[in-house]
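Structure file final_22.cif (mmCIF, C-alpha atoms) is printed below.
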```
data_data
#
loop_
_atom_site.label_atom_id
_atom_site.label_comp_id
_atom_site.auth_asym_id
_atom_site.auth_seq_id
_atom_site.Cartn_x
_atom_site.Cartn_y
_atom_site.Cartn_z
CA MET A 1286 38.86 4.93 -7.06
CA LEU A 1287 38.10 3.66 -10.53
CA GLU A 1288 39.78 5.51 -13.34
CA ILE A 1289 38.85 5.24 -16.99
CA LYS A 1290 41.11 6.85 -19.59
CA GLY A 1291 40.75 7.07 -23.34
CA LEU A 1292 38.40 4.10 -23.45
CA SER A 1293 37.12 3.10 -26.88
CA LYS A 1294 35.11 0.11 -28.00
CA SER A 1295 33.66 -0.97 -31.28
CA PHE A 1296 31.96 -4.11 -32.48
CA GLY A 1297 33.28 -4.64 -35.97
CA ARG A 1298 32.79 -1.34 -37.74
CA HIS A 1299 30.18 -0.18 -35.29
CA LYS A 1300 31.67 2.29 -32.81
CA VAL A 1301 30.00 2.13 -29.40
CA LEU A 1302 32.23 4.18 -27.11
CA THR A 1303 34.93 6.60 -28.15
CA ASP A 1304 37.73 8.03 -26.03
CA ILE A 1305 35.89 8.04 -22.71
CA ASP A 1306 37.51 9.56 -19.61
CA LEU A 1307 35.69 9.00 -16.34
CA ILE A 1308 36.46 8.86 -12.66
CA ILE A 1309 34.17 6.85 -10.41
CA GLU A 1310 34.63 7.88 -6.81
CA GLU A 1311 34.42 5.66 -3.75
CA ASN A 1312 31.19 5.13 -1.86
CA LYS A 1313 28.78 6.98 -4.07
CA ILE A 1314 25.67 5.76 -5.84
CA TYR A 1315 25.75 6.50 -9.55
CA GLY A 1316 22.85 6.43 -11.98
CA LEU A 1317 23.80 5.53 -15.54
CA PHE A 1318 21.32 6.61 -18.18
CA GLY A 1319 21.03 6.73 -21.93
CA ARG A 1320 18.82 5.62 -24.77
CA ASN A 1321 18.58 2.00 -25.81
CA GLY A 1322 21.68 0.71 -27.54
CA VAL A 1323 23.88 3.60 -26.46
CA GLY A 1324 26.43 1.30 -24.80
CA LYS A 1325 25.53 1.24 -21.11
CA THR A 1326 25.87 -2.52 -20.78
CA THR A 1327 29.05 -2.48 -22.85
CA LEU A 1328 30.57 0.09 -20.51
CA LEU A 1329 29.58 -1.86 -17.38
CA LYS A 1330 30.92 -5.11 -18.81
CA MET A 1331 34.24 -3.43 -19.51
CA ILE A 1332 34.40 -1.95 -16.02
CA SER A 1333 33.78 -5.38 -14.54
CA GLY A 1334 36.65 -6.75 -16.61
CA GLN A 1335 34.44 -9.10 -18.61
CA LEU A 1336 34.85 -7.50 -22.00
CA SER A 1337 37.91 -6.48 -23.95
CA ARG A 1338 38.37 -3.00 -25.35
CA ASN A 1339 39.93 -1.49 -28.44
CA SER A 1340 41.98 1.05 -26.55
CA GLY A 1341 42.26 2.89 -23.26
CA GLU A 1342 42.55 1.81 -19.67
CA ILE A 1343 40.26 1.03 -16.74
CA LYS A 1344 42.09 0.97 -13.44
CA LEU A 1345 40.97 0.11 -9.94
CA ASP A 1346 43.53 1.37 -7.41
CA GLY A 1347 45.99 1.78 -10.26
CA LEU A 1348 45.64 -1.81 -11.50
CA ASP A 1349 43.95 -2.57 -14.79
CA VAL A 1350 40.76 -4.59 -14.34
CA LEU A 1351 41.06 -6.73 -17.44
CA GLU A 1352 41.69 -10.38 -16.58
CA ASN A 1353 42.96 -9.33 -13.20
CA ASP A 1354 41.86 -11.60 -10.33
CA LYS A 1355 42.67 -8.99 -7.72
CA ALA A 1356 40.33 -6.49 -9.34
CA MET A 1357 37.62 -9.03 -10.20
CA GLU A 1358 36.99 -9.93 -6.58
CA ASN A 1359 36.03 -6.29 -5.98
CA LEU A 1360 33.91 -5.79 -9.09
CA CYS A 1361 30.43 -7.23 -9.28
CA LEU A 1362 28.16 -6.73 -12.28
CA VAL A 1363 24.59 -7.96 -11.98
CA ARG A 1364 23.03 -8.62 -15.35
CA GLU A 1365 21.43 -11.46 -17.24
CA PHE A 1366 23.36 -14.67 -16.59
CA SER A 1367 25.09 -16.53 -19.39
CA ASN A 1368 23.45 -19.71 -20.65
CA SER A 1369 25.92 -21.98 -18.90
CA ILE A 1370 25.17 -20.35 -15.54
CA LYS A 1371 21.42 -20.58 -16.15
CA GLU A 1372 21.76 -24.35 -16.25
CA MET A 1373 23.30 -24.43 -12.77
CA LYS A 1374 21.41 -25.03 -9.55
CA VAL A 1375 20.64 -21.88 -7.61
CA LYS A 1376 22.70 -23.00 -4.62
CA ASP A 1377 25.69 -23.63 -6.88
CA ILE A 1378 25.38 -20.14 -8.36
CA PHE A 1379 25.41 -18.70 -4.85
CA SER A 1380 28.47 -20.72 -3.85
CA LEU A 1381 30.26 -19.71 -7.03
CA ALA A 1382 29.58 -16.06 -6.17
CA SER A 1383 30.79 -16.64 -2.62
CA ILE A 1384 34.14 -17.81 -4.03
CA ILE A 1385 34.53 -14.98 -6.53
CA TYR A 1386 33.76 -11.98 -4.32
CA LYS A 1387 36.21 -11.16 -1.58
CA ASP A 1388 33.68 -9.40 0.69
CA TRP A 1389 30.83 -11.89 0.20
CA ASP A 1390 28.59 -12.10 3.26
CA GLU A 1391 26.94 -15.52 3.54
CA GLU A 1392 24.78 -14.54 6.49
CA TYR A 1393 23.51 -11.46 4.69
CA LYS A 1394 22.75 -13.62 1.65
CA ASN A 1395 20.55 -15.86 3.81
CA TYR A 1396 18.85 -12.82 5.28
CA LEU A 1397 18.14 -11.52 1.77
CA ILE A 1398 16.63 -14.84 0.72
CA GLN A 1399 14.18 -14.44 3.60
CA GLU A 1400 13.52 -10.77 2.86
CA PHE A 1401 12.83 -11.40 -0.80
CA ASN A 1402 10.61 -14.29 0.17
CA LEU A 1403 12.61 -16.85 -1.77
CA ARG A 1404 11.59 -19.65 0.54
CA ILE A 1405 13.76 -22.66 0.63
CA ARG A 1406 11.57 -25.52 1.73
CA ASN A 1407 13.75 -28.48 2.57
CA SER A 1408 16.32 -26.95 0.28
CA PHE A 1409 13.85 -27.47 -2.56
CA PHE A 1410 14.46 -24.02 -3.96
CA SER A 1411 18.21 -24.04 -3.84
CA ASN A 1412 18.31 -27.43 -5.54
CA THR A 1413 16.25 -26.03 -8.38
CA LYS A 1414 17.92 -25.20 -11.64
CA PHE A 1415 18.09 -21.47 -12.18
CA SER A 1416 16.42 -21.76 -15.57
CA LYS A 1417 13.34 -23.31 -13.92
CA LEU A 1418 12.68 -20.21 -11.80
CA SER A 1419 10.11 -17.58 -12.73
CA THR A 1420 11.44 -14.42 -14.39
CA GLY A 1421 10.96 -12.44 -11.19
CA ASN A 1422 12.79 -15.00 -9.06
CA GLN A 1423 15.64 -15.15 -11.56
CA THR A 1424 16.01 -11.40 -11.21
CA ILE A 1425 15.97 -11.72 -7.43
CA VAL A 1426 18.82 -14.25 -7.46
CA GLY A 1427 20.89 -11.65 -9.31
CA LEU A 1428 19.97 -8.91 -6.85
CA ILE A 1429 20.91 -11.10 -3.88
CA ILE A 1430 24.30 -11.79 -5.44
CA GLY A 1431 24.84 -8.09 -6.12
CA LEU A 1432 23.95 -7.08 -2.58
CA ALA A 1433 25.68 -9.95 -0.75
CA SER A 1434 28.87 -9.55 -2.81
CA ARG A 1435 29.40 -6.27 -0.97
CA ALA A 1436 31.83 -5.64 -3.82
CA ARG A 1437 33.62 -2.29 -3.67
CA ILE A 1438 32.14 -1.51 -7.06
CA THR A 1439 28.75 -3.12 -7.51
CA MET A 1440 26.93 -2.57 -10.77
CA PHE A 1441 23.29 -3.34 -11.49
CA ASP A 1442 22.26 -3.40 -15.14
CA GLU A 1443 18.47 -3.07 -15.36
CA PRO A 1444 18.16 -4.69 -11.92
CA THR A 1445 14.40 -4.86 -11.57
CA LEU A 1446 13.32 -6.58 -14.80
CA GLY A 1447 10.17 -8.61 -14.22
CA LEU A 1448 9.72 -7.49 -10.61
CA ASP A 1449 6.46 -6.10 -9.32
CA ALA A 1450 6.40 -2.71 -7.59
CA ALA A 1451 6.50 -4.19 -4.08
CA MET A 1452 9.65 -6.16 -4.87
CA ARG A 1453 11.30 -3.23 -6.63
CA TYR A 1454 10.82 -1.00 -3.59
CA LYS A 1455 11.99 -3.84 -1.38
CA PHE A 1456 15.20 -3.84 -3.38
CA TYR A 1457 15.68 -0.05 -3.19
CA ASN A 1458 15.13 -0.21 0.56
CA LEU A 1459 17.54 -3.06 1.15
CA LEU A 1460 20.12 -1.41 -1.07
CA LEU A 1461 19.99 1.91 0.77
CA ALA A 1462 19.97 0.30 4.21
CA ASP A 1463 23.00 -1.84 3.42
CA TYR A 1464 24.79 0.99 1.63
CA GLU A 1465 24.52 3.12 4.77
CA GLU A 1466 25.99 0.28 6.88
CA ASN A 1467 28.56 -0.84 4.34
CA PRO A 1468 29.39 2.07 2.06
CA ARG A 1469 30.59 1.10 -1.39
CA THR A 1470 30.34 2.35 -4.94
CA ILE A 1471 27.14 1.40 -6.69
CA ILE A 1472 26.28 2.00 -10.33
CA ILE A 1473 22.72 1.43 -11.46
CA SER A 1474 21.57 1.49 -15.05
CA THR A 1475 17.81 1.54 -15.45
CA HIS A 1476 14.94 2.94 -17.46
CA LEU A 1477 12.69 3.30 -14.41
CA ILE A 1478 13.88 6.85 -13.84
CA ASP A 1479 10.87 7.92 -11.81
CA GLU A 1480 11.36 5.32 -9.14
CA VAL A 1481 15.07 5.60 -8.65
CA SER A 1482 15.97 9.23 -9.24
CA ASN A 1483 16.42 9.91 -5.53
CA LEU A 1484 18.66 6.95 -4.98
CA PHE A 1485 21.54 8.63 -6.73
CA GLU A 1486 24.24 11.04 -5.73
CA GLU A 1487 25.87 11.26 -9.14
CA ILE A 1488 24.35 11.06 -12.59
CA LEU A 1489 26.02 9.80 -15.76
CA ILE A 1490 24.40 10.10 -19.16
CA LEU A 1491 25.80 8.24 -22.14
CA ASN A 1492 25.10 9.56 -25.59
CA ASP A 1493 26.75 9.46 -28.97
CA GLU A 1494 29.73 7.28 -27.89
CA LYS A 1495 30.56 9.64 -25.03
CA ILE A 1496 29.77 10.49 -21.42
CA ALA A 1497 27.50 13.40 -22.34
CA LEU A 1498 26.94 14.43 -18.74
CA HIS A 1499 28.46 13.73 -15.34
CA GLU A 1500 26.95 15.75 -12.50
CA ASN A 1501 26.03 15.68 -8.87
CA VAL A 1502 22.25 15.35 -8.54
CA ASP A 1503 21.78 18.55 -6.56
CA SER A 1504 23.90 20.72 -8.82
CA LEU A 1505 22.09 19.23 -11.78
CA ARG A 1506 18.80 20.41 -10.34
CA GLU A 1507 20.16 23.78 -9.46
CA LYS A 1508 21.16 24.59 -12.98
CA SER A 1509 18.08 23.58 -14.86
CA TYR A 1510 15.06 25.81 -15.21
CA PHE A 1511 11.65 26.05 -16.74
CA LEU A 1512 10.91 29.49 -18.14
CA THR A 1513 7.30 30.39 -18.84
CA GLY A 1514 6.26 33.59 -20.55
CA ARG A 1515 5.36 35.37 -23.78
CA GLU A 1516 7.12 33.91 -26.76
CA ASP A 1517 9.03 37.05 -27.85
CA ASN A 1518 10.20 37.70 -24.29
CA ILE A 1519 11.35 34.12 -23.91
CA ASN A 1520 13.18 34.06 -27.21
CA SER A 1521 15.27 37.07 -26.26
CA VAL A 1522 16.48 35.60 -22.96
CA ILE A 1523 17.32 32.09 -24.17
CA LYS A 1524 19.63 33.14 -26.99
CA ASN A 1525 22.80 31.73 -25.44
CA LYS A 1526 21.18 28.97 -23.46
CA LYS A 1527 21.06 25.26 -23.96
CA VAL A 1528 17.38 24.51 -24.51
CA ILE A 1529 16.38 20.98 -23.58
CA TYR A 1530 12.62 21.27 -23.79
CA THR A 1531 10.18 23.53 -25.51
CA ASP A 1532 6.43 23.74 -25.76
CA ASN A 1533 3.73 26.26 -26.49
CA PHE A 1534 0.65 26.86 -24.46
CA GLY A 1535 -1.60 29.36 -26.12
CA SER A 1536 0.58 32.41 -26.71
CA THR A 1537 2.74 31.33 -23.80
CA LYS A 1538 5.96 29.52 -24.38
CA ILE A 1539 7.51 27.06 -21.95
CA VAL A 1540 11.18 26.22 -22.32
CA GLY A 1541 13.49 24.08 -20.25
CA ILE A 1542 17.07 25.32 -20.17
CA TYR A 1543 20.19 23.69 -18.80
CA GLY A 1544 23.06 25.82 -17.51
CA GLU A 1545 23.67 28.17 -14.64
CA LEU A 1546 21.93 31.55 -14.56
CA THR A 1547 23.62 34.57 -13.01
CA GLU A 1548 21.68 36.80 -10.64
CA ASP A 1549 21.60 39.48 -13.32
CA GLU A 1550 20.11 37.05 -15.79
CA ILE A 1551 17.48 35.97 -13.30
CA ARG A 1552 16.58 39.60 -12.67
CA GLU A 1553 16.32 40.29 -16.38
CA ILE A 1554 14.14 37.22 -16.89
CA LYS A 1555 11.81 38.20 -14.10
CA SER A 1556 11.55 41.77 -15.35
CA ASN A 1557 10.32 40.34 -18.64
CA ASN A 1558 7.36 38.78 -16.85
CA ILE A 1559 8.81 35.34 -17.22
CA GLU A 1560 8.28 32.80 -14.49
CA ILE A 1561 11.27 30.73 -13.41
CA ASP A 1562 10.91 27.29 -11.85
CA ASN A 1563 13.35 24.48 -11.24
CA ILE A 1564 12.75 21.40 -13.34
CA PRO A 1565 11.73 18.35 -11.31
CA LEU A 1566 14.46 15.73 -11.46
CA GLN A 1567 12.41 13.08 -13.16
CA LYS A 1568 11.46 15.38 -16.01
CA LEU A 1569 15.01 16.63 -16.25
CA PHE A 1570 16.35 13.10 -16.75
CA ILE A 1571 13.89 12.48 -19.52
CA TYR A 1572 14.74 15.75 -21.31
CA LEU A 1573 18.46 15.20 -20.89
CA THR A 1574 18.52 11.63 -22.13
CA GLU A 1575 16.41 12.67 -25.09
CA ASN A 1576 18.19 15.84 -25.99
CA ILE A 1577 21.81 15.87 -25.05
CA LYS A 1578 23.97 16.19 -28.07
CA MET B 712 5.76 13.80 2.83
CA LEU B 713 8.41 14.27 0.22
CA ASP B 714 7.12 15.37 -3.14
CA LEU B 715 9.43 13.72 -5.61
CA SER B 716 7.97 15.55 -8.57
CA SER B 717 8.35 18.91 -6.85
CA GLU B 718 10.60 21.58 -8.21
CA LYS B 719 12.08 21.89 -4.72
CA SER B 720 15.34 20.03 -4.12
CA ILE B 721 14.90 16.90 -2.06
CA TYR B 722 17.44 17.96 0.56
CA ILE B 723 15.51 21.17 1.15
CA GLN B 724 12.34 19.14 1.57
CA VAL B 725 14.18 16.94 4.08
CA ALA B 726 15.06 20.04 6.10
CA GLU B 727 11.47 21.28 5.91
CA ILE B 728 10.08 17.95 7.10
CA ILE B 729 12.18 18.20 10.25
CA GLU B 730 11.27 21.86 10.75
CA ASN B 731 7.59 20.94 10.49
CA GLU B 732 7.98 18.16 13.01
CA ILE B 733 9.59 20.62 15.41
CA LEU B 734 6.90 23.26 14.78
CA LEU B 735 4.16 20.70 15.40
CA GLY B 736 5.83 19.67 18.65
CA ASN B 737 6.43 16.11 17.46
CA ILE B 738 10.14 16.56 18.04
CA ASN B 739 11.17 18.76 20.95
CA GLU B 740 14.36 20.64 21.70
CA GLY B 741 16.92 18.15 22.99
CA ASP B 742 15.29 15.25 21.14
CA GLN B 743 17.12 13.21 18.57
CA ALA B 744 16.27 14.06 14.96
CA PRO B 745 15.51 11.32 12.42
CA SER B 746 18.73 9.78 11.08
CA THR B 747 19.89 9.74 7.47
CA ASN B 748 19.26 6.02 7.66
CA GLN B 749 15.62 6.52 8.60
CA PHE B 750 15.15 9.06 5.85
CA ALA B 751 16.77 6.72 3.35
CA LYS B 752 14.55 3.88 4.47
CA ILE B 753 11.23 5.66 4.65
CA TYR B 754 11.61 7.94 1.64
CA ASN B 755 13.96 5.87 -0.52
CA ILE B 756 16.46 8.64 -0.89
CA ASN B 757 20.23 8.57 -1.02
CA PRO B 758 21.66 9.00 2.50
CA ALA B 759 23.96 11.73 1.16
CA THR B 760 20.88 13.73 0.15
CA ALA B 761 19.33 13.28 3.59
CA ARG B 762 22.64 14.25 5.18
CA LYS B 763 22.74 17.43 3.12
CA GLY B 764 19.29 18.38 4.39
CA LEU B 765 20.25 17.68 7.99
CA ASN B 766 23.50 19.62 7.62
CA LEU B 767 21.55 22.59 6.33
CA LEU B 768 19.77 22.66 9.70
CA VAL B 769 23.06 22.24 11.54
CA ASP B 770 24.39 25.31 9.71
CA GLU B 771 21.32 27.23 10.81
CA GLY B 772 21.76 26.17 14.41
CA ILE B 773 18.51 24.23 14.45
CA LEU B 774 20.21 20.85 14.87
CA TYR B 775 23.54 19.93 16.37
CA LYS B 776 25.72 16.86 15.99
CA LYS B 777 26.71 14.50 18.73
CA ARG B 778 29.67 12.54 17.49
CA GLY B 779 28.83 8.91 16.87
CA ILE B 780 25.26 9.25 18.10
CA GLY B 781 23.39 11.46 15.68
CA MET B 782 21.70 14.82 15.32
CA PHE B 783 19.73 16.55 18.03
CA VAL B 784 17.38 19.51 18.15
CA ALA B 785 19.20 22.55 19.54
CA ASP B 786 17.91 24.83 22.28
CA GLY B 787 16.04 27.73 20.71
CA ALA B 788 15.39 25.76 17.52
CA TYR B 789 11.64 26.32 17.74
CA GLN B 790 12.00 30.11 17.87
CA LYS B 791 14.57 30.07 15.07
CA ILE B 792 12.20 28.17 12.81
CA ILE B 793 9.34 30.53 13.67
CA LYS B 794 11.55 33.53 12.78
CA LYS B 795 12.71 31.92 9.57
CA ARG B 796 9.19 30.97 8.50
CA GLN B 797 7.90 34.46 9.34
CA THR B 798 10.53 35.95 7.08
CA ILE B 799 9.48 33.59 4.30
CA PHE B 800 5.84 34.42 4.93
CA TYR B 801 6.40 38.15 4.58
CA LYS B 802 8.94 37.96 1.76
CA GLU B 803 7.45 35.24 -0.41
CA VAL B 804 4.02 34.01 0.61
CA LEU B 805 2.35 37.36 1.24
CA PRO B 806 3.60 39.16 -1.90
CA GLU B 807 2.22 36.26 -3.96
CA ILE B 808 -1.15 36.49 -2.27
CA ILE B 809 -1.24 40.24 -2.84
CA GLN B 810 -0.23 39.83 -6.47
CA GLU B 811 -2.98 37.28 -7.02
CA ALA B 812 -5.49 39.50 -5.23
CA ASP B 813 -4.51 42.38 -7.53
CA ARG B 814 -5.14 40.25 -10.58
CA LEU B 815 -8.55 39.36 -9.16
CA GLU B 816 -9.28 43.00 -8.30
CA ILE B 817 -9.65 42.26 -4.63
CA THR B 818 -8.89 45.30 -2.46
CA LEU B 819 -6.73 45.28 0.63
CA GLU B 820 -9.75 46.14 2.78
CA GLU B 821 -11.69 43.19 1.41
CA ILE B 822 -8.81 40.87 2.23
CA ILE B 823 -8.50 42.20 5.76
CA ASP B 824 -12.25 41.89 6.33
CA ARG B 825 -12.20 38.33 5.08
CA ILE B 826 -9.23 37.40 7.27
CA LYS B 827 -11.06 38.79 10.32
CA GLU B 828 -14.15 36.82 9.36
CA ILE B 829 -12.19 33.56 9.01
CA LYS B 830 -10.36 34.12 12.26
CA GLY B 831 -13.73 34.54 13.98
CA GLY B 832 -13.98 38.14 15.21
CA GLU B 833 -10.69 38.30 17.06
#
```
If you convert what's in this file into structure tokens, what do you get?
Amino acid sequence: MLEIKGLSKSFGRHKVLTDIDLIIEENKIYGLFGRNGVGKTTLLKMISGQLSRNSGEIKLDGLDVLENDKAMENLCLVREFSNSIKEMKVKDIFSLASIIYKDWDEEYKNYLIQEFNLRIRNSFFSNTKFSKLSTGNQTIVGLIIGLASRARITMFDEPTLGLDAAMRYKFYNLLLADYEENPRTIIISTHLIDEVSNLFEEILILNDEKIALHENVDSLREKSYFLTGREDNINSVIKNKKVIYTDNFGSTKIVGIYGELTEDEIREIKSNNIEIDNIPLQKLFIYLTENIK
Amino acid sequence: MLDLSSEKSIYIQVAEIIENEILLGNINEGDQAPSTNQFAKIYNINPATARKGLNLLVDEGILYKKRGIGMFVADGAYQKIIKKRQTIFYKEVLPEIIQEADRLEITLEEIIDRIKEIKGGE
């Protein structure tokens, strides 16, 4: 279990995260969302022990992750490589990863190279400098490291940059297949909400220096509704509700609300000739990342 | 197929996919049901979501677990699904049809005549 307590981070005067408490459970796939610049990468870098913090703690099995070799071998963050790593040969990057991560699986790495079609002709590819690869292939090297690390907490920050649809789905497939065989905690931060929404078990939304939302996917769905009906009827039933979406359609009003409804409330809504529907997950994510305050 | 943009929860759709397969006779009583792994692979969904759908059917006695092997279709599953779907038909599908017919000023007799016509003079 990964435990975050009172975590704060600022860059100079600019506050990014303030007093965050969060528990990441074992063997679940988390989706991390939020608008650009909200601090998703900062949070992941801190979890992986690669970035200092202003205050608070991040503990894996009770041990703080910062500059802790024992924790590092179980924490893998896939993101853009640093410039010094980009100048290395691909094969050297792989062997570096194989040394860092305790549960690295060399055979699986080779399998992934085949699956992702990174052909190594007479070791031509692996002798290539990373920086000479195409954008898509650079991304794939990162994905292979993330998957083959089998790290107890594996984090992917915008994992599919520059990949075409076929390769992105290849990645989702490989990830799910290997996750089922070798359960571990996976955190994915991405803007491609549509494609990945069903990969997740838990959803995290960052906003305004905080974790604005932490929910199980199914309960999230079950407490979000579209209400459609005459404007005056709608207005009277949404008084105490958190409205995350609103639109007008002729004299009909459509609102999205977030929060559980009691059976009495549902009955009252229906008796007002208001239709109730659940909000599809993909839309819900968009409304929530746009609107959560 | 799963409809990812549907308002219906994915795990409920997973359960319905298996029910449909049983209704169509593609999976028979005693057969093994698709695994969470297969669902994850084919539909790109989290195995926990697939498991939730399968467990829903276990709770209803449509599937049962064999430890370490997987899920299997229980005896009597077919009839259970028929019963369940009939209930849904009468409680949800039919009232909606009747409501729509009312809006369109279609009488009950007209509906019945049309059904007989479609069914071919049974």
- Non-local contacts of Ile729 (chain B) (9 Å; all atoms listed in the file; under 2 positions in same chain excluded) as a list in words: Gln724, Val725, Ala726, Glu727, Asn731, Glu732, Ile733, Leu734, Ile738, Ala744, Pro745, Leu765 and Leu768 of chain B
Query raised in the report: Could you write out as a PyMOL selection string the residues that the PyMOL selection byres ((chain B) within 12 of (chain A)) matches in the shown file?
Result: chain B and resi 713-723+746-764
Residue IDs satisfying the PyMOL selection byres ((chain A and resi 1545) around 10), as an mmCIF file with C-alpha atoms, in the frame of the given file:
```
data_model
loop_
_atom_site.group_PDB
_atom_site.id
_atom_site.type_symbol
_atom_site.label_atom_id
_atom_site.label_comp_id
_atom_site.auth_asym_id
_atom_site.auth_seq_id
_atom_site.Cartn_x
_atom_site.Cartn_y
_atom_site.Cartn_z
ATOM 1 C CA SER A 1504 23.900 20.720 -8.820
ATOM 2 C CA LEU A 1505 22.090 19.230 -11.780
ATOM 3 C CA GLU A 1507 20.160 23.780 -9.460
ATOM 4 C CA LYS A 1508 21.160 24.590 -12.980
ATOM 5 C CA SER A 1509 18.080 23.580 -14.860
ATOM 6 C CA TYR A 1510 15.060 25.810 -15.210
ATOM 7 C CA LYS A 1526 21.180 28.970 -23.460
ATOM 8 C CA ILE A 1542 17.070 25.320 -20.170
ATOM 9 C CA TYR A 1543 20.190 23.690 -18.800
ATOM 10 C CA GLY A 1544 23.060 25.820 -17.510
ATOM 11 C CA LEU A 1546 21.930 31.550 -14.560
ATOM 12 C CA THR A 1547 23.620 34.570 -13.010
ATOM 13 C CA GLU A 1548 21.680 36.800 -10.640
ATOM 14 C CA GLU A 1550 20.110 37.050 -15.790
#
```
| message | Using all atoms listed in the file - which residues lie no farther than 9 Å from the point (16.2, -4.3, -13.3) in the file's frame? Write them as a ChimeraX atom specification. | response | /A:1364,1424,1428,1441-1448,1453,1473-1477
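Restricting the calculation to only C-alpha atoms, the smallest distance between Val784 (chain B) and any of B:Glu730, B:Asp742, B:Glu828, B:Glu821 is found for B:Asp742.
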The distance between CA of Ile1571 (chain A) and CA of Ala1497 (chain A) is 13.9 Å
ask   = Given the file above and the PyMOL selection byres ((chain A and resi 1531) around 12), which residues are selected, and can you give them as an NGL selection string?
value = :A and (1510-1514 or 1516 or 1519-1520 or 1523 or 1527-1530 or 1532-1534 or 1537-1542 or 1572 or 1576)
Here CA of Gly1431 (chain A) and CA of Ile1309 (chain A) stand apart by 18.1 Å
Legend entry - Counting all atoms listed in the file, the residue of B:Glu816, B:Lys795, B:Phe783, B:Val804 that sits nearest Glu771 (chain B):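 Between B:Glu816, B:Lys795, B:Phe783, B:Val804, the residue approaching Glu771 (chain B) most closely is B:Lys795.
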Report, in Å with one decimal, the straight-line distance from CA of Glu1372 (chain A) to CA of Ser1419 (chain A).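 Computing it gives 13.9 Å between the two atoms.
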